[in-house]
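Asker: Sharing run02.cif, mmCIF, C-alpha atoms and all ligand atoms:
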data_structure
#
loop_
_atom_site.label_atom_id
_atom_site.label_comp_id
_atom_site.auth_asym_id
_atom_site.auth_seq_id
_atom_site.Cartn_x
_atom_site.Cartn_y
_atom_site.Cartn_z
CA MET A 1124 83.78 96.06 80.30
CA ILE A 1125 82.89 99.61 79.26
CA HIS A 1126 84.10 100.75 75.89
CA VAL A 1127 83.44 104.36 74.96
CA GLU A 1128 84.34 105.66 71.53
CA HIS A 1129 84.17 109.20 70.19
CA LEU A 1130 81.48 110.08 72.68
CA SER A 1131 80.14 113.60 72.27
CA LYS A 1132 77.40 115.57 73.95
CA LYS A 1133 75.89 118.92 73.09
CA PHE A 1134 73.24 120.89 74.92
CA ASP A 1135 71.85 122.91 72.00
CA ASP A 1136 74.93 124.80 70.78
CA LEU A 1137 77.02 124.13 73.85
CA VAL A 1138 79.56 121.36 73.24
CA VAL A 1139 80.10 119.72 76.62
CA LEU A 1140 81.83 116.49 75.60
CA LYS A 1141 84.06 116.68 72.55
CA ASP A 1142 85.41 113.30 71.63
CA VAL A 1143 85.87 110.94 74.54
CA THR A 1144 87.35 107.52 73.91
CA VAL A 1145 88.10 105.31 76.90
CA GLU A 1146 88.05 101.76 78.05
CA ILE A 1147 87.28 100.68 81.59
CA ARG A 1148 88.12 97.13 82.53
CA LYS A 1149 86.46 94.93 85.09
CA GLY A 1150 87.78 95.54 88.60
CA GLU A 1151 89.31 98.89 87.72
CA VAL A 1152 88.86 101.95 89.87
CA VAL A 1153 89.01 105.02 87.67
CA SER A 1154 89.00 108.50 89.17
CA ILE A 1155 88.02 111.48 87.09
CA ILE A 1156 89.41 114.80 88.23
CA GLY A 1157 89.39 118.26 86.70
CA PRO A 1158 88.01 121.78 87.02
CA SER A 1159 84.27 122.20 87.39
CA GLY A 1160 82.16 122.71 84.31
CA THR A 1161 84.38 120.53 82.15
CA GLY A 1162 81.86 117.74 81.58
CA LYS A 1163 82.70 115.20 84.28
CA SER A 1164 79.12 114.79 85.46
CA THR A 1165 77.85 114.85 81.90
CA PHE A 1166 80.26 112.04 81.05
CA LEU A 1167 78.91 109.86 83.89
CA ARG A 1168 75.34 110.77 83.01
CA CYS A 1169 75.95 109.81 79.40
CA LEU A 1170 77.39 106.45 80.46
CA ASN A 1171 74.10 105.43 82.01
CA LEU A 1172 71.96 107.43 79.61
CA LEU A 1173 70.65 109.92 82.14
CA ASP A 1174 71.82 112.28 79.41
CA ARG A 1175 71.42 111.15 75.82
CA PRO A 1176 74.79 111.35 74.02
CA SER A 1177 74.93 113.31 70.76
CA GLY A 1178 77.37 110.95 69.07
CA GLY A 1179 79.78 108.06 69.46
CA SER A 1180 79.25 104.66 70.98
CA ILE A 1181 79.07 103.13 74.45
CA VAL A 1182 79.60 99.40 74.52
CA ILE A 1183 78.94 97.66 77.82
CA ASP A 1184 79.74 93.96 78.07
CA GLY A 1185 79.60 93.78 74.29
CA VAL A 1186 76.28 95.60 73.87
CA ASP A 1187 76.21 98.99 72.16
CA ILE A 1188 73.59 100.75 74.23
CA LEU A 1189 73.19 103.58 71.74
CA ARG A 1190 72.12 101.26 68.94
CA SER A 1191 68.43 100.78 68.47
CA GLY A 1192 67.28 97.31 69.45
CA ALA A 1193 69.74 96.93 72.31
CA ASP A 1194 68.22 95.71 75.58
CA VAL A 1195 69.16 98.93 77.31
CA PRO A 1196 67.35 98.44 80.66
CA LYS A 1197 69.07 95.10 81.13
CA VAL A 1198 72.50 96.54 80.42
CA LEU A 1199 71.93 99.62 82.56
CA ARG A 1200 70.99 97.46 85.51
CA LYS A 1201 74.65 96.45 85.67
CA MET A 1202 75.52 100.06 86.34
CA ASN A 1203 74.40 102.11 89.28
CA MET A 1204 75.13 105.65 90.30
CA VAL A 1205 75.79 107.49 93.57
CA PHE A 1206 74.99 111.20 93.46
CA GLN A 1207 76.36 114.17 95.33
CA SER A 1208 72.90 114.80 96.78
CA PHE A 1209 72.18 111.20 97.95
CA ASN A 1210 68.76 111.02 96.20
CA LEU A 1211 67.23 108.76 98.86
CA PHE A 1212 63.46 108.24 99.01
CA ALA A 1213 62.44 110.47 101.93
CA HIS A 1214 59.15 108.65 102.56
CA LEU A 1215 60.78 105.21 102.87
CA SER A 1216 62.72 103.80 105.80
CA VAL A 1217 66.41 103.11 105.30
CA LEU A 1218 65.68 99.41 104.91
CA ASP A 1219 62.96 100.05 102.34
CA ASN A 1220 65.23 102.40 100.42
CA LEU A 1221 67.50 99.42 99.90
CA ALA A 1222 64.88 96.71 99.42
CA ILE A 1223 62.59 98.47 96.95
CA GLY A 1224 64.92 98.15 93.96
CA PRO A 1225 65.55 94.41 94.18
CA VAL A 1226 61.83 93.74 94.77
CA LYS A 1227 60.49 96.01 92.03
CA LEU A 1228 63.21 95.72 89.40
CA LEU A 1229 64.88 92.36 90.00
CA GLY A 1230 61.77 90.44 91.10
CA MET A 1231 63.34 89.38 94.39
CA SER A 1232 61.04 88.22 97.19
CA ARG A 1233 60.39 90.76 99.93
CA SER A 1234 62.06 88.62 102.61
CA ALA A 1235 65.16 87.91 100.53
CA ALA A 1236 65.49 91.58 99.67
CA GLU A 1237 65.26 92.57 103.32
CA ARG A 1238 67.80 89.99 104.35
CA LYS A 1239 70.21 91.22 101.74
CA SER A 1240 69.54 94.85 102.61
CA LYS A 1241 70.34 94.22 106.26
CA GLU A 1242 73.63 92.61 105.29
CA LEU A 1243 74.54 95.60 103.17
CA LEU A 1244 73.63 98.03 105.93
CA LYS A 1245 75.98 96.10 108.17
CA LEU A 1246 78.69 96.45 105.53
CA VAL A 1247 78.37 100.25 105.55
CA GLY A 1248 78.11 100.38 109.33
CA LEU A 1249 74.45 101.32 109.54
CA ALA A 1250 72.66 98.16 110.66
CA GLU A 1251 71.19 100.09 113.57
CA LYS A 1252 69.51 102.61 111.31
CA ALA A 1253 67.42 100.16 109.29
CA ASP A 1254 64.11 101.51 110.62
CA ASN A 1255 65.05 105.17 110.58
CA TYR A 1256 64.05 107.61 107.87
CA PRO A 1257 66.61 109.49 105.75
CA ASP A 1258 65.99 112.85 107.41
CA GLU A 1259 67.00 111.34 110.75
CA LEU A 1260 70.49 110.63 109.41
CA SER A 1261 73.59 112.78 109.02
CA GLY A 1262 74.90 113.55 105.54
CA GLY A 1263 77.64 110.95 105.85
CA GLN A 1264 75.14 108.31 106.95
CA LYS A 1265 72.78 109.21 104.09
CA GLN A 1266 75.55 108.80 101.59
CA ARG A 1267 76.51 105.43 103.07
CA VAL A 1268 72.87 104.35 102.73
CA ALA A 1269 72.94 105.54 99.12
CA ILE A 1270 76.01 103.39 98.46
CA ALA A 1271 74.38 100.38 100.13
CA ARG A 1272 71.26 100.97 98.04
CA CYS A 1273 73.42 100.89 94.95
CA MET A 1274 74.97 97.62 96.06
CA ALA A 1275 71.51 96.12 96.64
CA MET A 1276 71.04 96.07 92.87
CA ASP A 1277 74.13 93.89 92.46
CA PRO A 1278 75.77 96.24 90.01
CA GLU A 1279 78.90 95.33 88.09
CA VAL A 1280 80.04 98.92 88.10
CA ILE A 1281 79.22 101.90 90.29
CA LEU A 1282 79.50 105.48 89.06
CA PHE A 1283 80.12 108.06 91.77
CA ASP A 1284 79.55 111.74 91.05
CA GLU A 1285 81.36 113.76 93.71
CA PRO A 1286 79.94 111.62 96.50
CA THR A 1287 81.53 113.66 99.28
CA SER A 1288 81.26 117.21 98.06
CA ALA A 1289 77.89 117.92 99.71
CA LEU A 1290 79.15 116.65 103.06
CA ASP A 1291 80.33 118.38 106.14
CA PRO A 1292 84.14 117.95 106.22
CA THR A 1293 83.89 115.78 109.33
CA MET A 1294 81.81 113.22 107.42
CA VAL A 1295 83.91 112.84 104.32
CA SER A 1296 86.16 110.13 105.70
CA GLU A 1297 83.38 107.70 106.70
CA VAL A 1298 82.08 107.74 103.12
CA LEU A 1299 85.54 107.40 101.59
CA ALA A 1300 86.22 104.48 103.93
CA VAL A 1301 83.19 102.63 102.58
CA MET A 1302 84.28 103.35 99.01
CA ARG A 1303 87.80 102.17 99.77
CA ARG A 1304 86.36 98.93 101.05
CA LEU A 1305 84.34 98.40 97.86
CA ALA A 1306 87.43 99.08 95.80
CA ARG A 1307 89.44 96.56 97.78
CA GLU A 1308 86.73 93.96 97.25
CA GLY A 1309 87.12 94.35 93.50
CA MET A 1310 84.12 96.48 92.59
CA THR A 1311 84.52 98.32 89.30
CA MET A 1312 84.18 101.99 90.07
CA VAL A 1313 84.26 105.27 88.16
CA ILE A 1314 84.59 108.15 90.59
CA VAL A 1315 84.36 111.86 89.89
CA THR A 1316 86.03 113.45 92.88
CA HIS A 1317 87.90 116.43 94.26
CA GLU A 1318 89.47 114.30 96.99
CA MET A 1319 92.95 114.08 95.52
CA ASP A 1320 94.54 111.97 98.25
CA PHE A 1321 91.71 109.50 98.00
CA ALA A 1322 91.95 109.38 94.21
CA ARG A 1323 95.65 108.72 94.47
CA ASP A 1324 95.23 105.91 97.01
CA VAL A 1325 92.35 104.05 95.54
CA SER A 1326 92.55 104.40 91.76
CA SER A 1327 94.13 102.15 89.23
CA ARG A 1328 93.89 104.97 86.69
CA VAL A 1329 93.18 108.67 86.78
CA PHE A 1330 91.54 110.70 84.02
CA TYR A 1331 92.14 114.42 84.01
CA MET A 1332 89.23 116.09 82.20
CA ASP A 1333 89.36 119.58 80.83
CA GLU A 1334 87.03 121.36 78.42
CA GLY A 1335 85.03 118.33 77.43
CA GLU A 1336 87.85 115.92 76.78
CA ILE A 1337 90.08 113.52 78.64
CA TYR A 1338 93.11 115.72 78.43
CA GLU A 1339 95.51 113.35 80.16
CA GLU A 1340 95.24 109.91 81.69
CA GLY A 1341 97.63 107.72 83.58
CA SER A 1342 98.41 105.92 86.80
CA PRO A 1343 97.96 107.96 89.99
CA ALA A 1344 101.75 108.35 90.16
CA GLN A 1345 101.90 109.65 86.59
CA ILE A 1346 99.07 112.13 87.00
CA PHE A 1347 99.82 113.37 90.51
CA ASP A 1348 103.63 113.29 90.50
CA LYS A 1349 104.60 113.69 86.86
CA PRO A 1350 101.77 115.21 84.88
CA GLN A 1351 102.96 115.66 81.32
CA ARG A 1352 100.67 118.32 79.96
CA GLU A 1353 100.36 121.95 80.93
CA LYS A 1354 96.75 122.12 82.12
CA THR A 1355 97.12 118.95 84.17
CA ARG A 1356 100.20 120.35 85.82
CA ALA A 1357 98.45 123.61 86.60
CA PHE A 1358 95.49 121.78 88.08
CA ILE A 1359 97.51 119.33 90.16
CA ASN A 1360 99.83 121.98 91.52
CA LYS A 1361 96.99 124.47 91.92
CA ILE A 1362 98.84 126.91 89.75
CA ARG A 1363 97.27 130.31 89.16
CA SER A 1364 98.79 132.77 86.82
CA ALA A 1365 98.64 136.33 85.64
CA CYS A 1366 99.96 137.69 82.33
CA PHE A 1367 101.04 141.16 81.31
CA ARG A 1368 102.20 142.47 77.96
CA ILE A 1369 104.71 145.26 77.77
CA ASP A 1370 104.95 146.72 74.30
CA SER A 1371 106.85 149.95 74.64
CA PRO A 1372 109.86 151.23 76.61
CA ASP A 1373 107.49 153.90 77.95
CA PHE A 1374 105.06 151.46 79.52
CA ASP A 1375 103.50 152.22 82.89
CA LEU A 1376 105.67 150.37 85.40
CA TYR A 1377 103.58 151.51 88.36
CA ALA A 1378 100.36 150.20 86.88
CA MET A 1379 101.98 146.84 86.26
CA ASN A 1380 103.39 146.72 89.76
CA ALA A 1381 99.93 147.41 91.13
CA GLU A 1382 98.58 144.48 89.13
CA ILE A 1383 101.35 142.24 90.37
CA GLU A 1384 100.53 143.28 93.93
CA THR A 1385 96.86 142.48 93.40
CA PHE A 1386 97.79 139.04 92.06
CA CYS A 1387 100.06 138.37 95.05
CA GLU A 1388 97.36 139.49 97.44
CA LYS A 1389 94.84 137.15 95.86
CA GLN A 1390 97.23 134.22 96.27
CA ILE A 1391 97.99 135.33 99.83
CA LEU A 1392 101.71 135.38 99.19
CA PRO A 1393 104.00 136.35 102.06
CA LYS A 1394 105.22 139.92 102.06
CA GLN A 1395 108.81 138.93 101.37
CA MET A 1396 107.82 137.14 98.16
CA ARG A 1397 105.89 140.19 96.98
CA GLN A 1398 108.80 142.49 97.58
CA ARG A 1399 111.13 140.14 95.79
CA ILE A 1400 108.98 139.85 92.70
CA LEU A 1401 108.60 143.63 92.43
CA LEU A 1402 112.33 144.24 92.83
CA LEU A 1403 113.11 141.46 90.40
CA MET A 1404 110.78 142.89 87.77
CA GLU A 1405 112.36 146.29 88.14
CA GLU A 1406 115.87 144.92 87.60
CA LEU A 1407 114.85 142.71 84.70
CA LEU A 1408 113.08 145.55 82.95
CA ILE A 1409 116.21 147.68 83.09
CA ILE A 1410 118.01 144.90 81.27
CA TYR A 1411 115.16 144.32 78.84
CA ARG A 1412 114.61 148.01 78.06
CA PRO A 1413 116.70 148.14 74.86
CA LEU A 1414 114.79 145.13 73.59
CA LEU A 1415 111.47 146.92 74.12
CA GLU A 1416 112.44 149.35 71.36
CA ARG A 1417 112.08 146.48 68.91
CA THR A 1418 109.66 143.95 70.30
CA SER A 1419 107.11 143.38 73.00
CA LEU A 1420 107.59 141.37 76.16
CA ASP A 1421 105.08 138.94 77.69
CA VAL A 1422 105.38 138.53 81.42
CA THR A 1423 103.73 135.57 83.15
CA LEU A 1424 103.60 135.11 86.88
CA SER A 1425 102.47 131.70 88.12
CA TYR A 1426 102.02 130.63 91.64
CA SER A 1427 101.88 126.97 92.64
CA GLU A 1428 99.97 126.66 95.86
CA LYS A 1429 101.07 123.10 96.38
CA GLN A 1430 104.76 123.78 95.94
CA HIS A 1431 104.42 127.25 97.37
CA ARG A 1432 106.46 128.55 94.46
CA LEU A 1433 106.25 131.73 92.44
CA ASP A 1434 107.59 131.48 88.89
CA LEU A 1435 108.25 134.25 86.47
CA ALA A 1436 108.53 133.91 82.71
CA LEU A 1437 109.54 136.63 80.25
CA GLU A 1438 108.92 135.89 76.62
CA SER A 1439 110.00 137.94 73.64
CA GLU A 1440 110.29 137.48 69.91
CA GLY A 1441 113.31 137.75 67.70
CA GLU A 1442 116.82 136.50 67.65
CA ALA A 1443 117.93 134.47 70.66
CA ALA A 1444 120.27 136.41 72.92
CA TYR A 1445 120.66 135.47 76.55
CA PRO A 1446 119.63 138.70 78.27
CA LEU A 1447 121.58 138.01 81.45
CA ASP A 1448 124.87 137.49 79.67
CA LYS A 1449 127.60 139.17 81.74
CA GLY A 1450 129.48 140.35 78.69
CA SER A 1451 126.62 142.32 77.21
CA LEU A 1452 125.49 143.98 80.43
CA PRO A 1453 126.77 147.42 81.44
CA ASP A 1454 127.65 146.23 84.95
CA GLU A 1455 127.20 143.24 87.20
CA PHE A 1456 125.22 145.11 89.77
CA GLY A 1457 121.75 144.29 88.41
CA LEU A 1458 122.73 140.70 87.70
CA ASN A 1459 123.79 140.19 91.30
CA ILE A 1460 120.48 141.50 92.53
CA ILE A 1461 118.63 139.18 90.16
CA ASN A 1462 120.61 136.18 91.32
CA ASN A 1463 119.90 137.07 94.92
CA LEU A 1464 116.19 137.27 94.30
CA ALA A 1465 115.68 134.35 91.93
CA GLU A 1466 116.89 130.83 91.32
CA GLY A 1467 116.64 128.16 88.66
CA THR A 1468 117.10 130.65 85.84
CA GLU A 1469 116.65 129.13 82.39
CA TYR A 1470 116.69 130.51 78.88
CA ARG A 1471 115.09 128.68 76.02
CA THR A 1472 114.24 129.39 72.43
CA VAL A 1473 111.26 127.78 70.76
CA GLY A 1474 110.66 128.88 67.19
CA ASN A 1475 111.29 132.61 67.22
CA ARG A 1476 110.20 133.01 70.83
CA ASN A 1477 112.75 133.32 73.60
CA ARG A 1478 111.72 132.48 77.09
CA LEU A 1479 113.53 133.39 80.27
CA THR A 1480 112.16 131.63 83.37
CA MET A 1481 113.07 131.76 87.04
CA SER A 1482 111.58 131.11 90.47
CA ILE A 1483 111.53 133.58 93.30
CA ARG A 1484 113.84 132.50 96.11
CA LYS A 1485 111.99 131.61 99.27
CA GLY A 1486 114.58 131.81 101.99
P1 LIG B 1 81.39 119.11 85.76
O1 LIG B 1 80.69 117.93 86.33
O2 LIG B 1 82.75 118.81 85.22
O3 LIG B 1 81.44 120.27 86.71
P2 LIG B 1 79.11 119.25 84.00
O4 LIG B 1 79.16 117.99 83.23
O5 LIG B 1 78.14 119.32 85.13
O6 LIG B 1 80.58 119.64 84.50
O7 LIG B 1 78.76 120.46 83.05
C1 LIG B 1 79.52 120.77 81.91
C2 LIG B 1 78.86 121.90 81.16
O8 LIG B 1 77.62 121.47 80.64
C3 LIG B 1 78.57 123.11 82.01
O9 LIG B 1 78.88 124.26 81.25
C4 LIG B 1 77.09 123.01 82.27
O10 LIG B 1 76.54 124.30 82.44
C5 LIG B 1 76.60 122.34 81.03
N1 LIG B 1 75.38 121.54 81.28
C6 LIG B 1 75.30 120.45 82.09
N2 LIG B 1 74.06 119.93 82.08
C7 LIG B 1 73.33 120.71 81.25
C8 LIG B 1 71.96 120.69 80.82
N3 LIG B 1 71.11 119.76 81.22
N4 LIG B 1 71.57 121.66 79.96
C9 LIG B 1 72.44 122.60 79.52
N5 LIG B 1 73.73 122.67 79.88
C10 LIG B 1 74.18 121.75 80.74
MG MG B 2 79.85 117.71 88.24
#
As structure tokens - that is how I would like this structure written.
Answerer:
Amino acid sequence: MIHVEHLSKKFDDLVVLKDVTVEIRKGEVVSIIGPSGTGKSTFLRCLNLLDRPSGGSIVIDGVDILRSGADVPKVLRKMNMVFQSFNLFAHLSVLDNLAIGPVKLLGMSRSAAERKSKELLKLVGLAEKADNYPDELSGGQKQRVAIARCMAMDPEVILFDEPTSALDPTMVSEVLAVMRRLAREGMTMVIVTHEMDFARDVSSRVFYMDEGEIYEEGSPAQIFDKPQREKTRAFINKIRSACFRIDSPDFDLYAMNAEIETFCEKQILPKQMRQRILLLMEELLIIYRPLLERTSLDVTLSYSEKQHRLDLALESEGEAAYPLDKGSLPDEFGLNIINNLAEGTEYRTVGNRNRLTMSIRKG
């Protein structure tokens, strides 16, 4: 139904969409997730030409809307958008907000448009509010009116741009419930959202967008349970990380510890986890010290909020040599401490980089 190829968008020198190629089939519900500022809104706005794409093609029901001569208004009428900020007409009653489009743009008679509008208000649970004005409604009610107004135009696809992010938390669910109902009735929907549980429940496919491209796509189970690529994983698991480079045996251990403490504080880690990571670093650095004569060491701490897990990675260059090998260590004392503090220890060599990873024990 919608066929996007090599879509790009620049604002002056700023490249916002790089090279987006996707297909959205009739009846699909596609959720777009990802960090803010990565082009999700711009992508939706390009789809219905609220923003003019810089390159590529958008084919809707066989018509390339970027080619001159295409009947763009006719094609765009099939697509309607729900905004974060509702965008209702403040000077019109709820009923008129719905009826005006069909009358003015579709040539429907006033009475037919009102009849239809009342039905749609019933569908979103707001039949009683037909004669009210938008500013007499709550945010959740306004957004439900906005969805009904969209439906009044008989769209074949609805684009939603973070429809619940301007709402009071108590009103999110009423709007999601209406959207769920539309999805169940087979409406084709493209939804930019931060509501992960909702996206998982309702979508047939999920796009993870990052830095102007669709970085990973898949079924909700693939994206939420088994994301394949690094940035997707970090986003889904709410992973935050901090990196340090140690490039001499005389490095300032106290300064690094202070930075680690700051990181832990920011992530609100329990005290026990903080103590463990500091002790663990101290022990590991004793073992790594000889290596620091020859090469530098990159330390990465990453905390997954969702899994409540703190991971540590130490990466060095040079010949692979398992640093925790019993035989090469002066005594087992340090090793025992490390094993008490950490679990899931792994050593891997990729190219000439050797990576030791472990997770801080929780219990
Ligand atoms: P998202 O919806 O993923 O948060 P947006 O699509 O809103 O991201 O924005 C992506 C980038 O494009 C941002 O850096 C934003 O500042 C920039 N941008 C969006 N709209 C415009 C515009 N009209 N003019 C200039 N820059 C814009
Ligand atoms: Mg946005």
Asker: Using all atoms listed in the file, which residues sit within 9 Å of Ala1436 (chain A) once same-chain residues fewer than 3 positions away are excluded, as a ChimeraX atom specification?
Answerer: /A:1421-1425,1478-1482
Asker: Counting all atoms listed in the file, which residues of chain A fall within 8 Å of ligand LIG 1 (chain B), and what is the closest atom pair for each with its distance in Å at one decimal, ordered by chain and rising number, as CSV?
Answerer:
residue,atom,partner,partner_atom,distance
A:Phe1134,CA,B:LIG1,C9,5.0
A:Asp1135,CA,B:LIG1,C9,7.5
A:Leu1137,CA,B:LIG1,N5,7.0
A:Val1138,CA,B:LIG1,O8,7.7
A:Val1139,CA,B:LIG1,O8,5.0
A:Leu1140,CA,B:LIG1,C1,8.0
A:Gly1157,CA,B:LIG1,O2,6.8
A:Pro1158,CA,B:LIG1,O2,6.3
A:Ser1159,CA,B:LIG1,O3,3.5
A:Gly1160,CA,B:LIG1,O6,3.5
A:Thr1161,CA,B:LIG1,O2,3.9
A:Gly1162,CA,B:LIG1,O4,3.2
A:Lys1163,CA,B:LIG1,O2,3.7
A:Ser1164,CA,B:LIG1,O1,3.6
A:Thr1165,CA,B:LIG1,O4,3.7
A:Phe1166,CA,B:LIG1,O4,6.4
A:Asp1174,CA,B:LIG1,N3,7.7
A:Asp1284,CA,B:LIG1,O1,7.9
A:Val1315,CA,B:LIG1,O1,7.9
A:Met1332,CA,B:LIG1,O2,7.6
A:Asp1333,CA,B:LIG1,O2,8.0
A:Gly1335,CA,B:LIG1,C1,7.5
Asker: Region 1356-1368 of chain A, all listed atoms, 3 Å padding on each side: what axis-aligned box centre and edge lengths in Å to one decimal come out, as JSON?
Answerer:
{"center_x": 98.8, "center_y": 130.9, "center_z": 84.9, "size_x": 12.7, "size_y": 29.1, "size_z": 20.0}
Asker: Tell me which of A:Arg1307, A:Arg1397, A:Arg1148, A:His1317 sits closest to ligand MG 2 (chain B), counting only C-alpha atoms and all ligand atoms.
Answerer: A:His1317
Asker: Fewer than 4 positions away in the same chain doesn't count, so skip those; otherwise give me all residues within 12 Å of Glu1259 (chain A), counting all atoms listed in the file, as an mmCIF file with C-alpha atoms, in the coordinates of the input.
Answerer:
data_model
loop_
_atom_site.group_PDB
_atom_site.id
_atom_site.type_symbol
_atom_site.label_atom_id
_atom_site.label_comp_id
_atom_site.auth_asym_id
_atom_site.auth_seq_id
_atom_site.Cartn_x
_atom_site.Cartn_y
_atom_site.Cartn_z
ATOM 1 C CA ALA A 1213 62.440 110.470 101.930
ATOM 2 C CA HIS A 1214 59.150 108.650 102.560
ATOM 3 C CA LEU A 1215 60.780 105.210 102.870
ATOM 4 C CA SER A 1216 62.720 103.800 105.800
ATOM 5 C CA VAL A 1217 66.410 103.110 105.300
ATOM 6 C CA LYS A 1252 69.510 102.610 111.310
ATOM 7 C CA ALA A 1253 67.420 100.160 109.290
ATOM 8 C CA ASP A 1254 64.110 101.510 110.620
ATOM 9 C CA ASN A 1255 65.050 105.170 110.580
ATOM 10 C CA GLY A 1263 77.640 110.950 105.850
ATOM 11 C CA GLN A 1264 75.140 108.310 106.950
ATOM 12 C CA LYS A 1265 72.780 109.210 104.090
#
Asker: Out of A:Leu1464, A:Val1313, A:Ala1378, A:Leu1392, which residue has the shortest atom-to-atom distance to Ile1156 (chain A) when counting only C-alpha atoms?
Answerer: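 For Ile1156 (chain A), the nearest of the given residues is A:Val1313.
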Asker: So how many Å separate CA of Met1396 (chain A) and CA of Lys1485 (chain A), to one decimal?
Answerer: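 CA of Met1396 (chain A) sits 7.0 Å away from CA of Lys1485 (chain A).
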Asker: To one decimal place in Å, what is the distance between CA of Ser1131 (chain A) and CA of Ile1181 (chain A)?
Answerer: 10.7 Å
Asker: Neighbours of region 1457-1460 of chain A within 9 Å (only C-alpha atoms; same-chain residues fewer than 3 positions away dropped), as number ranges by chain?
Answerer: A: 1402-1403, 1406-1407, 1409-1410, 1447-1449, 1452, 1454, 1463-1465
Asker: Which one is closest to ligand MG 2 (chain B): A:Glu1336, A:Glu1416, A:Glu1318, A:Glu1285? Count only C-alpha atoms and all ligand atoms.
Answerer: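 Among A:Glu1336, A:Glu1416, A:Glu1318, A:Glu1285, it is A:Glu1285 that comes nearest to ligand MG 2 (chain B).
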Asker: Pick the closest to Met1202 (chain A) from A:Asp1219, A:Glu1388, A:Glu1279, A:Asp1258: which is it, counting all atoms listed in the file?
Answerer: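 Among the listed residues, A:Glu1279 lies closest to Met1202 (chain A).
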